[in-house]
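input16.tsv, holding TSV, C-alpha atoms:
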```
chain	number	residue	atom	x	y	z
A	6	MET	CA	30.07	8.42	-11.21
A	7	GLY	CA	28.13	7.19	-8.19
A	8	LEU	CA	24.94	8.64	-6.82
A	9	THR	CA	24.84	12.25	-5.73
A	10	ASN	CA	24.42	12.86	-2.01
A	11	SER	CA	20.76	13.74	-2.47
A	12	GLN	CA	20.10	10.60	-4.53
A	13	TYR	CA	21.86	8.41	-1.96
A	14	ASP	CA	19.89	10.06	0.86
A	15	GLU	CA	16.64	9.47	-1.02
A	16	ILE	CA	17.33	5.73	-1.28
A	17	MET	CA	18.40	5.48	2.37
A	18	ARG	CA	15.23	7.30	3.46
A	19	ASP	CA	13.25	4.66	1.64
A	20	TYR	CA	15.11	1.94	3.55
A	21	GLN	CA	14.34	3.75	6.80
A	22	ARG	CA	10.66	3.86	5.85
A	23	ARG	CA	10.76	0.12	5.14
A	24	GLN	CA	12.29	-0.60	8.55
A	25	ASN	CA	9.77	1.61	10.34
A	26	GLN	CA	6.90	-0.09	8.51
A	27	ALA	CA	8.24	-3.54	9.39
A	28	ARG	CA	8.48	-2.57	13.07
A	29	ARG	CA	4.93	-1.18	13.06
A	30	GLU	CA	3.56	-4.34	11.45
A	31	LEU	CA	5.44	-6.55	13.92
A	32	SER	CA	4.09	-4.48	16.83
A	33	LEU	CA	0.54	-4.99	15.55
A	34	ARG	CA	1.08	-8.75	15.25
A	35	GLU	CA	2.50	-8.90	18.76
A	36	GLU	CA	-0.47	-6.98	20.13
A	37	GLU	CA	-2.88	-9.32	18.33
A	38	VAL	CA	-1.17	-12.42	19.78
A	39	ARG	CA	-1.15	-11.01	23.33
A	40	GLU	CA	-4.87	-10.32	23.10
A	41	ARG	CA	-5.68	-13.80	21.80
A	42	LEU	CA	-3.16	-15.67	23.92
A	43	PRO	CA	-2.74	-14.10	27.38
A	44	GLU	CA	-0.30	-16.84	28.42
A	45	PHE	CA	2.03	-15.66	25.66
A	46	ALA	CA	2.78	-12.48	27.61
A	47	ASP	CA	3.69	-14.57	30.68
A	48	LEU	CA	6.21	-16.53	28.62
A	49	ASP	CA	7.69	-13.29	27.27
A	50	ALA	CA	8.06	-12.05	30.85
A	51	GLN	CA	9.85	-15.27	31.81
A	52	ILE	CA	12.32	-14.83	28.94
A	53	ALA	CA	12.94	-11.20	29.94
A	54	SER	CA	13.54	-12.30	33.54
A	55	ALA	CA	15.96	-14.99	32.35
A	56	GLY	CA	17.81	-12.36	30.34
A	57	VAL	CA	18.27	-10.20	33.43
A	58	ALA	CA	19.50	-13.25	35.33
A	59	CYS	CA	22.07	-13.89	32.58
A	60	ALA	CA	23.41	-10.39	32.97
A	61	ARG	CA	23.73	-10.76	36.74
A	62	VAL	CA	25.59	-14.07	36.40
A	63	MET	CA	28.06	-12.55	33.96
A	64	LEU	CA	28.73	-9.63	36.31
A	65	SER	CA	28.97	-11.49	39.62
A	66	ALA	CA	30.32	-15.00	38.99
A	67	ASN	CA	33.78	-16.26	38.04
A	68	ASP	CA	34.33	-17.65	34.55
A	69	ALA	CA	33.52	-21.28	35.42
A	70	GLU	CA	30.45	-20.43	37.43
A	71	ALA	CA	29.29	-17.94	34.80
A	72	SER	CA	29.62	-20.52	32.03
A	73	ALA	CA	27.62	-23.15	33.94
A	74	GLY	CA	25.00	-20.65	34.99
A	75	LEU	CA	24.59	-19.23	31.51
A	76	CYS	CA	24.16	-22.70	30.01
A	77	ALA	CA	21.39	-23.48	32.48
A	78	LEU	CA	19.66	-20.16	31.84
A	79	GLN	CA	19.93	-20.59	28.06
A	80	GLU	CA	18.37	-24.02	28.29
A	81	GLY	CA	15.48	-22.46	30.18
A	82	ILE	CA	15.08	-19.74	27.57
A	83	ASP	CA	15.09	-22.36	24.80
A	84	ARG	CA	12.34	-24.31	26.57
A	85	ILE	CA	10.21	-21.20	26.96
A	86	SER	CA	10.78	-20.28	23.30
A	87	ALA	CA	9.64	-23.77	22.28
A	88	GLN	CA	6.49	-23.28	24.37
A	89	LYS	CA	5.83	-19.99	22.56
A	90	GLU	CA	6.20	-21.64	19.17
A	91	GLN	CA	3.82	-24.40	20.24
A	92	LEU	CA	1.24	-21.86	21.41
A	93	LEU	CA	1.43	-20.03	18.09
A	94	LYS	CA	1.09	-23.28	16.15
A	95	GLU	CA	-1.92	-24.42	18.16
A	96	ALA	CA	-3.57	-21.04	17.58
A	97	GLY	CA	-3.08	-21.40	13.82
A	98	TYR	CA	-0.23	-18.92	13.40
A	99	PRO	CA	2.84	-19.65	11.23
A	100	ALA	CA	6.08	-20.26	13.15
A	101	ASP	CA	7.61	-16.97	11.92
A	102	TYR	CA	4.54	-14.84	12.66
A	103	LEU	CA	6.36	-12.81	15.32
A	104	GLN	CA	9.55	-12.34	13.32
A	105	MET	CA	10.38	-9.12	11.50
A	106	LYS	CA	9.22	-9.23	7.86
A	107	TYR	CA	11.78	-7.56	5.60
A	108	GLN	CA	11.25	-6.66	1.96
A	109	CYS	CA	14.81	-7.86	1.43
A	110	PRO	CA	15.76	-10.60	3.90
A	111	ASP	CA	19.35	-10.59	2.62
A	112	CYS	CA	20.20	-7.13	3.99
A	113	ARG	CA	17.23	-6.80	6.36
A	114	ASP	CA	16.25	-3.57	4.60
A	115	THR	CA	19.49	-1.79	5.44
A	116	GLY	CA	20.77	-1.69	1.85
A	117	TYR	CA	24.09	-3.27	2.84
A	118	ILE	CA	25.49	-6.73	3.51
A	119	GLY	CA	28.56	-5.97	5.58
A	120	GLN	CA	30.34	-3.16	3.75
A	121	GLU	CA	28.92	-4.10	0.34
A	122	LYS	CA	25.80	-2.72	-1.29
A	123	CYS	CA	23.01	-5.29	-1.38
A	124	HIS	CA	21.53	-6.35	-4.72
A	125	CYS	CA	18.33	-4.53	-3.74
A	126	PHE	CA	20.28	-1.28	-3.25
A	127	ARG	CA	21.83	-1.60	-6.70
A	128	ARG	CA	18.37	-2.17	-8.18
A	129	ALA	CA	17.12	0.91	-6.32
A	130	GLU	CA	20.01	2.91	-7.79
A	131	ILE	CA	19.09	1.85	-11.31
A	132	ASP	CA	15.38	2.52	-10.79
A	133	LEU	CA	16.07	5.98	-9.37
A	134	LEU	CA	18.47	6.90	-12.15
A	135	TYR	CA	16.02	5.64	-14.77
A	136	THR	CA	13.21	7.73	-13.25
A	137	GLN	CA	15.39	10.82	-13.40
A	138	SER	CA	16.68	10.11	-16.91
A	139	ASN	CA	13.61	11.60	-18.65
A	140	LEU	CA	13.24	8.39	-20.69
A	141	ARG	CA	9.73	7.02	-21.03
A	142	GLU	CA	8.94	3.50	-19.78
A	143	SER	CA	8.34	2.30	-23.34
A	144	TYR	CA	11.98	2.98	-24.23
A	145	LYS	CA	13.27	0.28	-21.86
A	146	ALA	CA	12.84	-2.31	-24.62
A	147	GLU	CA	15.17	-0.40	-26.94
A	148	THR	CA	18.42	-2.22	-26.21
A	149	PHE	CA	21.40	-3.34	-28.28
A	150	PRO	CA	20.09	-6.91	-28.80
A	151	ALA	CA	16.86	-5.43	-30.17
A	152	PHE	CA	18.65	-3.27	-32.77
A	153	SER	CA	18.19	-5.03	-36.11
A	154	LEU	CA	20.46	-4.58	-39.12
A	155	GLU	CA	17.97	-6.21	-41.51
A	156	TYR	CA	16.45	-2.86	-42.49
A	157	TYR	CA	19.74	-1.48	-43.88
A	158	SER	CA	20.52	-2.12	-47.53
A	159	LYS	CA	23.54	-4.16	-48.56
A	160	LYS	CA	23.43	-2.50	-51.98
A	161	LEU	CA	22.80	1.18	-51.30
A	162	THR	CA	26.20	2.88	-51.01
A	163	ASP	CA	27.05	6.17	-49.33
A	164	SER	CA	28.97	8.40	-51.74
A	165	ALA	CA	31.11	9.98	-49.02
A	166	THR	CA	32.31	6.76	-47.37
A	167	GLY	CA	31.87	4.15	-50.06
A	168	LEU	CA	30.19	1.89	-47.50
A	169	THR	CA	26.79	0.28	-47.83
A	170	ALA	CA	23.95	1.30	-45.52
A	171	ALA	CA	24.27	-2.07	-43.77
A	172	GLN	CA	28.01	-1.60	-43.21
A	173	MET	CA	27.50	1.91	-41.82
A	174	ALA	CA	24.75	0.72	-39.46
A	175	ALA	CA	26.89	-2.20	-38.28
A	176	HIS	CA	29.79	0.20	-37.65
A	177	ALA	CA	27.54	2.62	-35.73
A	178	LEU	CA	26.15	-0.24	-33.62
A	179	GLU	CA	29.60	-1.56	-32.75
A	180	GLU	CA	30.92	1.91	-31.91
A	181	CYS	CA	27.94	2.57	-29.62
A	182	ARG	CA	28.61	-0.74	-27.87
A	183	ARG	CA	32.28	0.18	-27.51
A	184	PHE	CA	31.30	3.61	-26.22
A	185	VAL	CA	29.39	1.90	-23.39
A	186	ARG	CA	32.16	-0.63	-22.68
A	187	ASP	CA	34.81	2.09	-22.43
A	188	PHE	CA	32.58	4.70	-20.80
A	189	ASP	CA	34.49	4.89	-17.52
A	190	LYS	CA	37.89	5.02	-19.19
A	191	SER	CA	37.53	8.41	-20.89
A	192	ALA	CA	34.97	11.13	-21.56
A	193	GLU	CA	34.03	10.43	-25.17
A	194	ASN	CA	31.19	11.98	-27.18
A	195	LEU	CA	29.03	10.60	-29.99
A	196	PHE	CA	27.39	12.39	-32.93
A	197	LEU	CA	24.74	10.38	-34.78
A	198	SER	CA	23.55	11.82	-38.07
A	199	GLY	CA	21.36	10.66	-40.94
A	200	GLY	CA	17.90	10.99	-42.42
A	201	THR	CA	14.56	10.51	-40.71
A	202	GLY	CA	13.63	7.04	-39.46
A	203	LEU	CA	17.07	5.43	-39.67
A	204	GLY	CA	17.46	4.36	-36.03
A	205	LYS	CA	19.43	7.25	-34.51
A	206	THR	CA	17.02	7.69	-31.60
A	207	PHE	CA	16.80	3.92	-31.12
A	208	LEU	CA	20.59	3.70	-30.86
A	209	SER	CA	20.58	6.60	-28.39
A	210	HIS	CA	18.12	4.67	-26.22
A	211	CYS	CA	20.30	1.55	-26.48
A	212	VAL	CA	23.25	3.52	-25.11
A	213	ALA	CA	21.11	5.10	-22.38
A	214	ASN	CA	19.63	1.80	-21.20
A	215	ALA	CA	23.00	0.05	-21.13
A	216	LEU	CA	24.55	2.81	-19.02
A	217	LEU	CA	21.56	3.07	-16.68
A	218	GLU	CA	21.86	-0.67	-15.99
A	219	THR	CA	25.41	-0.02	-14.75
A	220	THR	CA	24.16	2.81	-12.48
A	221	HIS	CA	25.42	5.72	-14.58
A	222	SER	CA	23.33	8.87	-14.57
A	223	VAL	CA	21.81	9.62	-17.98
A	224	ILE	CA	19.60	12.56	-18.90
A	225	TYR	CA	17.66	12.44	-22.16
A	226	PHE	CA	16.14	15.50	-23.86
A	227	SER	CA	14.72	16.16	-27.26
A	228	ALA	CA	16.39	19.32	-28.53
A	229	TYR	CA	13.04	21.12	-28.42
A	230	ASP	CA	12.46	20.27	-24.74
A	231	LEU	CA	16.02	21.07	-23.73
A	232	PHE	CA	16.01	24.58	-25.17
A	233	GLU	CA	12.51	25.27	-23.86
A	234	LEU	CA	13.70	24.42	-20.36
A	235	LEU	CA	16.86	26.49	-20.76
A	236	ALA	CA	14.77	29.45	-21.94
A	237	ASP	CA	12.43	29.14	-18.95
A	238	SER	CA	15.45	29.04	-16.65
A	239	SER	CA	17.30	31.94	-18.32
A	240	PHE	CA	14.30	34.26	-18.52
A	241	GLY	CA	13.11	33.73	-14.96
A	242	ARG	CA	10.06	31.60	-15.77
A	243	THR	CA	11.16	29.04	-13.17
A	244	GLY	CA	12.26	29.41	-9.57
A	245	GLU	CA	15.91	29.83	-8.65
A	246	ALA	CA	16.10	26.40	-7.01
A	247	GLU	CA	14.50	24.69	-10.01
A	248	ALA	CA	16.86	26.49	-12.38
A	249	GLY	CA	19.84	25.39	-10.32
A	250	GLU	CA	18.61	21.79	-10.29
A	251	LEU	CA	18.21	21.83	-14.08
A	252	GLU	CA	21.73	23.17	-14.53
A	253	ARG	CA	23.12	20.51	-12.20
A	254	HIS	CA	21.40	17.75	-14.16
A	255	ILE	CA	22.55	19.07	-17.54
A	256	PHE	CA	26.16	19.70	-16.59
A	257	GLU	CA	26.85	16.94	-14.06
A	258	CYS	CA	25.06	13.82	-15.37
A	259	ASP	CA	27.36	11.11	-16.71
A	260	LEU	CA	25.74	11.22	-20.15
A	261	LEU	CA	23.57	13.95	-21.68
A	262	ILE	CA	21.58	12.92	-24.76
A	263	ILE	CA	20.31	15.66	-27.08
A	264	ASP	CA	17.98	13.99	-29.55
A	265	ASP	CA	16.79	15.43	-32.88
A	266	LEU	CA	18.99	18.51	-32.82
A	267	GLY	CA	17.67	20.89	-35.45
A	268	THR	CA	13.95	20.22	-34.90
A	269	GLU	CA	13.68	23.12	-32.45
A	270	GLN	CA	13.17	26.72	-33.55
A	271	THR	CA	16.70	28.05	-33.90
A	272	ASN	CA	17.72	31.58	-32.92
A	273	SER	CA	20.73	33.33	-31.38
A	274	PHE	CA	19.70	32.23	-27.87
A	275	VAL	CA	19.49	28.57	-28.87
A	276	ALA	CA	22.83	28.76	-30.68
A	277	SER	CA	24.59	30.32	-27.68
A	278	GLN	CA	22.99	27.86	-25.24
A	279	LEU	CA	23.99	24.88	-27.36
A	280	PHE	CA	27.61	26.01	-27.43
A	281	HIS	CA	27.52	26.72	-23.69
A	282	VAL	CA	26.19	23.23	-22.88
A	283	LEU	CA	28.65	21.44	-25.16
A	284	ASN	CA	31.60	23.52	-24.01
A	285	GLU	CA	30.77	23.26	-20.30
A	286	ARG	CA	30.37	19.49	-20.44
A	287	ASN	CA	33.68	19.17	-22.30
A	288	LEU	CA	35.38	21.24	-19.62
A	289	ARG	CA	33.90	18.99	-16.94
A	290	GLN	CA	34.88	15.89	-18.95
A	291	LYS	CA	31.30	14.68	-19.19
A	292	SER	CA	30.06	12.69	-22.18
A	293	THR	CA	27.38	13.91	-24.58
A	294	LEU	CA	25.47	12.14	-27.35
A	295	ILE	CA	23.83	14.18	-30.11
A	296	SER	CA	21.53	12.88	-32.83
A	297	THR	CA	20.36	14.96	-35.79
A	298	ASN	CA	18.92	14.79	-39.29
A	299	LEU	CA	21.13	17.70	-40.33
A	300	SER	CA	24.48	17.64	-42.07
A	301	LEU	CA	27.45	19.51	-40.61
A	302	GLU	CA	26.97	22.24	-43.24
A	303	GLN	CA	23.35	22.69	-42.18
A	304	LEU	CA	24.37	22.74	-38.52
A	305	ALA	CA	26.92	25.47	-39.22
A	306	GLY	CA	24.23	27.55	-40.94
A	307	ARG	CA	21.77	27.12	-38.07
A	308	TYR	CA	24.04	27.46	-35.04
A	309	SER	CA	27.56	28.71	-35.82
A	310	GLU	CA	30.92	27.59	-37.05
A	311	ARG	CA	32.21	27.36	-33.46
A	312	VAL	CA	29.46	24.87	-32.56
A	313	VAL	CA	30.41	22.71	-35.54
A	314	SER	CA	34.07	23.10	-34.66
A	315	ARG	CA	33.37	21.92	-31.12
A	316	ILE	CA	31.47	18.90	-32.45
A	317	THR	CA	33.97	17.87	-35.12
A	318	GLY	CA	36.86	18.32	-32.69
A	319	SER	CA	35.40	16.45	-29.73
A	320	TYR	CA	32.85	13.93	-31.07
A	321	GLN	CA	33.05	10.64	-32.88
A	322	MET	CA	30.98	11.03	-36.02
A	323	LEU	CA	28.62	8.17	-36.89
A	324	LYS	CA	26.30	8.29	-39.86
A	325	LEU	CA	23.28	6.18	-40.82
A	326	THR	CA	21.85	6.08	-44.31
A	327	GLY	CA	19.16	4.14	-46.18
A	328	GLU	CA	15.37	3.97	-46.31
A	329	ASP	CA	13.03	5.05	-43.50
A	330	ILE	CA	12.66	2.01	-41.25
A	331	ARG	CA	9.18	3.00	-40.13
A	332	ILE	CA	7.97	2.91	-43.74
A	333	GLN	CA	9.70	-0.43	-44.31
A	334	LYS	CA	7.99	-1.91	-41.26
A	335	LYS	CA	4.62	-0.53	-42.32
A	336	TYR	CA	4.83	-2.01	-45.81
A	337	GLY	CA	6.94	-5.07	-44.94
A	338	ASP	CA	9.80	-4.12	-47.25
A	339	CYS	CA	13.15	-4.87	-45.73
A	340	SER	CA	16.11	-3.54	-47.72
A	341	ALA	CA	18.13	-6.05	-49.71
```

Encoding of this model in structure tokens:
Amino acid sequence: MGLTNSQYDEIMRDYQRRQNQARRELSLREEEVRERLPEFADLDAQIASAGVACARVMLSANDAEASAGLCALQEGIDRISAQKEQLLKEAGYPADYLQMKYQCPDCRDTGYIGQEKCHCFRRAEIDLLYTQSNLRESYKAETFPAFSLEYYSKKLTDSATGLTAAQMAAHALEECRRFVRDFDKSAENLFLSGGTGLGKTFLSHCVANALLETTHSVIYFSAYDLFELLADSSFGRTGEAEAGELERHIFECDLLIIDDLGTEQTNSFVASQLFHVLNERNLRQKSTLISTNLSLEQLAGRYSERVVSRITGSYQMLKLTGEDIRIQKKYGDCSA
């Protein structure tokens, strides 16, 4: 999904501000030069006069006469321009002092090169989407290459799958990479489960960062923050416009991440809102990623069987097991 109209307009307004600023700065430089070099204004007037003469020749002469006349006038303009450059040089100014200074010379701060978006526009897209993703700056370093499998045991085996912790982590990593690769092909969902400190949130950030770099819109919420915001919206503690904006973000973003599901205080409102969010995004064919420390049985007890049914029917289930990575890092004990 591309930018929304409001996001696109926000970027284009920034380009307009850049252009206006460049014109103001050029105007100030021109004024400075005219004050220091009065003869510069005379040369500008000569070029303007030559331009008018060019227009008259084109309108009044036949093709042959117009061509000869225009060549002569252009030669005169070139001579005057050379005089201007010499004046600037003698006064200690750089040759390009009276040229427009663009932040991006490639597109001249328009955002486009021909019909294609400039590289600076694509960077602006990513930066805007990242700002709106609710991810903190520190999470930018949490990418797939930074996800290490060394903390997952090659001996500890999961009783349900028969796989080692290392094999399960490698499978989860590969499936998250595939999820990103195939993101635009279908609306898939991921469910990451496992104990505390096993890398579920890190993997969520890896997915988020990879998709943001390809200009997909991602919104990240801890479960606690998400349901607090939904409660404020539902019970009139926010304005109507703010509530509508929140709903648009939650339901229309390319990927919604709900992190640490089960850490919030669960009640009937939370259970109904969770089902509503999951169901609405499925109907709109929008992807969701959920991470939790809870098992499916615990989720069913906290939320409802229909929530678990929605998850098991629409999500790819990925599980991590092993020892808390934070403790391993603290004590320098990587799993064998």

Among listed residues A:Tyr107, A:Phe152, A:Phe45, A:Phe196, nearest Leu261 of chain A (using only C-alpha atoms):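 Answer, going by the shortest atom-to-atom distance: A:Phe196.
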
So that I can check the surroundings of Ile224 of chain A, please list as a compact mmCIF listing (two decimals) with C-alpha atoms, keeping the file's coordinate frame every protein, DNA and RNA residue that reaches within 12 Å of it, counting all atoms listed in the file and ignoring chain neighbours fewer than 6 positions away.
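Below is the file out-v7.txt, written as the result:
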```txt
# COMPACT_ATOMS: atom_id res chain seq x y z
CA LEU A 134 18.47 6.90 -12.15
CA TYR A 135 16.02 5.64 -14.77
CA THR A 136 13.21 7.73 -13.25
CA GLN A 137 15.39 10.82 -13.40
CA SER A 138 16.68 10.11 -16.91
CA ASN A 139 13.61 11.60 -18.65
CA LEU A 140 13.24 8.39 -20.69
CA ARG A 141 9.73 7.02 -21.03
CA SER A 209 20.58 6.60 -28.39
CA HIS A 210 18.12 4.67 -26.22
CA VAL A 212 23.25 3.52 -25.11
CA ALA A 213 21.11 5.10 -22.38
CA ASN A 214 19.63 1.80 -21.20
CA LEU A 216 24.55 2.81 -19.02
CA LEU A 217 21.56 3.07 -16.68
CA LEU A 231 16.02 21.07 -23.73
CA LEU A 251 18.21 21.83 -14.08
CA GLU A 252 21.73 23.17 -14.53
CA ARG A 253 23.12 20.51 -12.20
CA HIS A 254 21.40 17.75 -14.16
CA ILE A 255 22.55 19.07 -17.54
CA PHE A 256 26.16 19.70 -16.59
CA GLU A 257 26.85 16.94 -14.06
CA CYS A 258 25.06 13.82 -15.37
CA ASP A 259 27.36 11.11 -16.71
CA LEU A 260 25.74 11.22 -20.15
CA LEU A 261 23.57 13.95 -21.68
CA ILE A 262 21.58 12.92 -24.76
CA ILE A 263 20.31 15.66 -27.08
CA ASP A 264 17.98 13.99 -29.55
CA LYS A 291 31.30 14.68 -19.19
CA SER A 292 30.06 12.69 -22.18
CA THR A 293 27.38 13.91 -24.58
CA LEU A 294 25.47 12.14 -27.35
```

Using atom CA of Leu178 of chain A and atom CA of Leu154 of chain A as the two end points, give the distance in Å to one decimal. 9.0 Å

What is the atom CA of Asp132 of chain A to atom CA of Ala146 of chain A distance in Å?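 Atom CA of Asp132 of chain A sits 14.9 Å away from atom CA of Ala146 of chain A.
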
Mind listing as a PyMOL selection string all residues within 12 Å of (14.9, 23.7, -19.7), counting all atoms listed in the file? chain A and resi 225-244+247-255+275+278-279+282

Taking (35.5, 13.3, -22.1) in the coordinates of the supplied file, I want to know which residues reach to within 9 Å of it, counting only C-alpha atoms; could you give the answer as number ranges by chain? A: 191-194, 286-293, 319

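All residues of protein, DNA or RNA that reach within 10 Å of Gln104 of chain A, judged by all atoms listed in the file and not counting those fewer than 4 positions away in the chain, are Ala27, Arg28, Leu31, Arg34, Glu35 and Ala100 of chain A.
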